[in-house]
file my_file02.cif (mmCIF, C-alpha atoms)
data_entry
#
loop_
_atom_site.label_atom_id
_atom_site.label_comp_id
_atom_site.auth_asym_id
_atom_site.auth_seq_id
_atom_site.Cartn_x
_atom_site.Cartn_y
_atom_site.Cartn_z
CA MET A 625 -1.56 -159.43 -190.77
CA THR A 626 -0.99 -156.87 -193.52
CA ASP A 627 -3.03 -156.20 -196.66
CA LYS A 628 -0.33 -158.13 -198.54
CA ASN A 629 -1.33 -161.28 -196.66
CA MET A 630 -4.87 -161.41 -198.02
CA ILE A 631 -6.98 -163.81 -195.99
CA THR A 632 -9.71 -165.78 -197.77
CA LEU A 633 -13.16 -166.69 -196.50
CA GLU A 634 -11.99 -170.31 -196.21
CA GLN A 635 -8.99 -169.27 -194.10
CA LEU A 636 -11.22 -167.03 -192.00
CA ARG A 637 -12.74 -170.05 -190.24
CA ARG A 638 -9.33 -171.26 -189.09
CA VAL A 639 -7.76 -168.01 -187.86
CA PRO A 640 -8.04 -167.10 -184.15
CA MET A 641 -10.53 -164.31 -183.38
CA GLY A 642 -7.83 -162.07 -181.88
CA GLU A 643 -5.83 -162.19 -185.09
CA LEU A 644 -8.94 -161.53 -187.19
CA SER A 645 -9.87 -158.46 -185.19
CA SER A 646 -6.50 -156.96 -186.08
CA LEU A 647 -7.22 -157.11 -189.81
CA SER A 648 -7.36 -153.78 -191.59
CA ALA A 649 -10.68 -152.16 -192.35
CA SER A 650 -10.12 -152.73 -196.07
CA GLN A 651 -9.54 -156.46 -195.53
CA LEU A 652 -12.63 -156.73 -193.35
CA ALA A 653 -14.67 -154.80 -195.93
CA ARG A 654 -13.49 -157.15 -198.69
CA LEU A 655 -14.27 -160.24 -196.61
CA GLN A 656 -17.68 -158.87 -195.71
CA GLU A 657 -18.46 -158.20 -199.37
CA GLU A 658 -17.25 -161.69 -200.34
CA ALA A 659 -19.38 -163.27 -197.58
CA VAL A 660 -22.51 -161.40 -198.72
CA THR A 661 -21.84 -162.51 -202.30
CA ALA A 662 -21.27 -166.12 -201.18
CA VAL A 663 -24.52 -166.18 -199.17
CA SER A 664 -26.46 -164.70 -202.07
CA SER A 665 -24.96 -167.20 -204.47
CA ALA A 666 -25.72 -170.10 -202.12
CA LYS A 667 -29.34 -168.95 -201.74
CA LEU A 668 -29.77 -168.70 -205.52
CA THR A 669 -28.21 -172.14 -205.97
CA LYS A 670 -30.52 -173.64 -203.34
CA GLU A 671 -33.58 -172.01 -204.94
CA LEU A 672 -32.52 -173.41 -208.33
CA LEU A 673 -32.01 -176.89 -206.90
CA ASP A 674 -35.35 -176.74 -205.04
CA GLY A 675 -37.03 -175.79 -208.33
CA ILE A 676 -35.36 -178.69 -210.14
CA LEU A 677 -36.43 -181.15 -207.42
CA ASN A 678 -39.98 -179.82 -207.48
CA ARG A 679 -40.13 -180.15 -211.25
CA LYS A 680 -38.70 -183.67 -211.16
CA TYR A 681 -40.67 -185.04 -208.19
CA GLY A 682 -43.60 -182.66 -207.55
CA ASP A 683 -46.19 -184.51 -209.63
CA GLN A 684 -45.11 -187.90 -208.30
CA ALA A 685 -45.29 -186.66 -204.70
CA ALA A 686 -48.74 -185.16 -205.33
CA GLU A 687 -49.90 -188.46 -206.80
CA PHE A 688 -48.67 -190.38 -203.74
CA ARG A 689 -50.45 -187.93 -201.43
CA HIS A 690 -53.63 -188.33 -203.48
CA LEU A 691 -53.39 -192.14 -203.29
CA LEU A 692 -52.95 -191.86 -199.52
CA GLY A 693 -55.95 -189.52 -199.29
CA LYS A 694 -54.04 -186.59 -197.89
CA ASP A 695 -53.54 -183.05 -199.15
CA PHE A 696 -50.51 -182.30 -196.98
CA GLY A 697 -47.75 -184.12 -195.18
CA THR A 698 -44.80 -186.32 -195.99
CA VAL A 699 -44.55 -189.03 -198.61
CA ARG A 700 -41.62 -191.27 -199.42
CA PHE A 701 -40.82 -193.03 -202.65
CA ASP A 702 -37.82 -194.52 -204.38
CA ASP A 703 -35.93 -193.23 -207.41
CA ASP A 704 -33.11 -195.47 -208.59
CA GLY A 705 -32.16 -196.59 -205.08
CA ILE A 706 -32.49 -193.12 -203.56
CA THR A 707 -35.33 -192.43 -201.13
CA VAL A 708 -37.13 -189.23 -202.04
CA ILE A 709 -38.89 -187.58 -199.11
CA SER A 710 -41.38 -184.88 -200.02
CA ASP A 711 -43.00 -182.83 -197.30
CA LEU A 712 -45.83 -180.43 -198.04
CA PRO A 713 -46.59 -178.72 -194.73
CA LYS A 714 -49.90 -177.11 -193.85
CA LYS A 715 -49.72 -173.37 -193.55
CA PRO A 716 -52.98 -172.05 -192.10
CA VAL A 717 -53.70 -168.38 -192.71
CA TRP A 718 -56.33 -166.77 -190.50
CA ASP A 719 -58.38 -163.77 -191.56
CA GLN A 720 -57.66 -161.24 -188.80
CA LYS A 721 -60.89 -159.26 -189.23
CA GLN A 722 -63.02 -162.38 -189.01
CA LEU A 723 -61.08 -163.65 -185.99
CA SER A 724 -61.57 -160.31 -184.27
CA SER A 725 -65.30 -160.56 -184.87
CA ILE A 726 -65.38 -164.14 -183.57
CA VAL A 727 -63.46 -163.13 -180.43
CA GLN A 728 -65.97 -160.35 -179.82
CA THR A 729 -68.86 -162.81 -180.24
CA ILE A 730 -67.24 -165.18 -177.73
CA GLN A 731 -66.80 -162.32 -175.25
CA GLU A 732 -70.40 -161.18 -175.71
CA ALA A 733 -71.57 -164.74 -174.99
CA GLY A 734 -69.73 -164.54 -171.67
CA ASP A 735 -66.98 -166.99 -172.59
CA ASP A 736 -63.23 -166.43 -172.38
CA PRO A 737 -61.76 -166.17 -175.90
CA SER A 738 -58.26 -166.92 -174.55
CA GLU A 739 -59.41 -170.53 -174.22
CA TYR A 740 -59.68 -170.63 -178.02
CA VAL A 741 -57.30 -168.08 -179.51
CA ASP A 742 -53.96 -166.47 -178.73
CA THR A 743 -54.06 -162.72 -179.00
CA ALA A 744 -51.00 -160.59 -179.61
CA PHE A 745 -50.96 -156.83 -179.85
CA LYS A 746 -48.36 -155.04 -181.94
CA VAL A 747 -47.57 -151.38 -182.22
CA SER A 748 -45.68 -150.12 -185.24
CA GLU A 749 -42.74 -148.01 -184.07
CA SER A 750 -43.37 -145.47 -186.83
CA LYS A 751 -47.00 -145.11 -185.77
CA TYR A 752 -45.96 -144.85 -182.11
CA LYS A 753 -43.58 -142.01 -182.94
CA ALA A 754 -46.32 -140.19 -184.85
CA TRP A 755 -48.83 -140.33 -181.99
CA PRO A 756 -49.65 -137.27 -179.91
CA GLU A 757 -47.64 -137.09 -176.68
CA HIS A 758 -50.63 -137.89 -174.40
CA ILE A 759 -51.31 -141.14 -176.31
CA ARG A 760 -47.64 -142.15 -176.20
CA ARG A 761 -47.57 -141.57 -172.42
CA THR A 762 -50.52 -143.94 -172.05
CA PHE A 763 -48.66 -146.70 -173.89
CA GLU A 764 -45.17 -146.14 -172.43
CA PRO A 765 -45.58 -148.49 -169.44
CA ALA A 766 -46.20 -151.36 -171.91
CA ARG A 767 -43.17 -150.50 -174.05
CA THR A 768 -39.68 -151.87 -173.51
CA LEU A 769 -36.77 -151.17 -175.80
CA LYS A 770 -34.33 -154.00 -176.36
CA SER A 771 -31.32 -153.92 -178.62
CA GLY A 772 -31.00 -156.18 -181.59
CA LYS A 773 -27.80 -157.60 -182.98
CA ALA A 774 -25.29 -154.92 -183.95
CA ILE A 775 -24.73 -154.66 -187.69
CA PHE A 776 -21.61 -153.20 -189.24
CA LYS A 777 -21.29 -152.46 -192.94
CA LEU A 778 -17.97 -151.40 -194.34
CA THR A 779 -17.92 -149.49 -197.61
CA SER A 780 -15.22 -147.74 -199.56
#
call {"tool": "encode", "arguments": {"input": "my_file02.cif", "output": "structure tokens"}}
result
Amino acid sequence: MTDKNMITLEQLRRVPMGELSSLSASQLARLQEEAVTAVSSAKLTKELLDGILNRKYGDQAAEFRHLLGKDFGTVRFDDDGITVISDLPKKPVWDQKQLSSIVQTIQEAGDDPSEYVDTAFKVSESKYKAWPEHIRRTFEPARTLKSGKAIFKLTS
């Protein structure tokens, strides 16, 4: 395929992978740019639509939840023959300092905190790189490097 035969994003889905990989760098760069723009536009459109739906149905959904005696969860109601389903999920946020203190209290009482909480340790890669060598050596046996998904960005 030459640059004269410009492929569109719509056509992209129907062309065999082998043929697509033979596209020129400029065509791939253009398609990549168009795809990024399309994703951005779709996200903005979805956010707009979500805002419209929330404005139209948010108060009614909240009223139904209140009548049912619940702060969260799913309610269903009808609007002109269309079933509106509104879900307001719970999203607990735990104070990490307080949890740490509670875990310590459980340990001091002789109980196993893993029966109550999941503990995960994280090490920032930038902090790890800034550590003195002897500290890094101590942590190295617990560190495994895995590759993420390769990302290619074509620019002109």
call {"tool": "atom_distance", "arguments": {"input": "my_file02.cif", "atom1": "atom CA of Phe701 of chain A", "atom2": "atom CA of Lys715 of chain A"}}
result
23.4 Å
call {"tool": "closest_atom_pairs", "arguments": {"input": "my_file02.cif", "of": "segment 707-752 of chain A", "to": "segment 671-686 of chain A", "cutoff": "10 Å", "atoms": "only C-alpha atoms", "output": "CSV"}}
result
residue,atom,partner,partner_atom,distance
A:Val708,CA,A:Tyr681,CA,8.2
A:Ile709,CA,A:Ala685,CA,8.5
A:Ser710,CA,A:Ala685,CA,6.4
A:Asp711,CA,A:Ala685,CA,8.6
A:Leu712,CA,A:Ala685,CA,9.1
call {"tool": "closest_residue", "arguments": {"input": "my_file02.cif", "among": "A:Ser664, A:Ser725, A:Ser650, A:Thr762", "to": "Lys777 of chain A", "atoms": "only C-alpha atoms"}}
result
A:Ser650
call {"tool": "closest_residue", "arguments": {"input": "my_file02.cif", "among": "A:Ser645, A:Arg638, A:Arg760, A:Thr632", "to": "Ala659 of chain A", "atoms": "all atoms listed in the file"}}
result
A:Thr632
call {"tool": "atom_distance", "arguments": {"input": "my_file02.cif", "atom1": "atom CA of Val747 of chain A", "atom2": "atom CA of Arg767 of chain A"}}
result
9.3 Å
call {"tool": "residues_around", "arguments": {"input": "my_file02.cif", "residues": "segment 633-637 of chain A", "least_positions_apart": "4", "cutoff": "9 Å", "atoms": "only C-alpha atoms", "output": "JSON list (two decimals) with C-alpha atoms, keeping the file's coordinate frame"}}
result
[["chain", "number", "residue", "atom", "x", "y", "z"],
["A", 644, "LEU", "CA", -8.94, -161.53, -187.19],
["A", 655, "LEU", "CA", -14.27, -160.24, -196.61],
["A", 658, "GLU", "CA", -17.25, -161.69, -200.34],
["A", 659, "ALA", "CA", -19.38, -163.27, -197.58]]
call {"tool": "atom_distance", "arguments": {"input": "my_file02.cif", "atom1": "atom CA of Ala766 of chain A", "atom2": "atom CA of Phe745 of chain A"}}
result
10.8 Å
call {"tool": "closest_residue", "arguments": {"input": "my_file02.cif", "among": "A:Val741, A:Ile706, A:Glu757, A:Arg700", "to": "Leu723 of chain A", "atoms": "all atoms listed in the file"}}
result
A:Val741
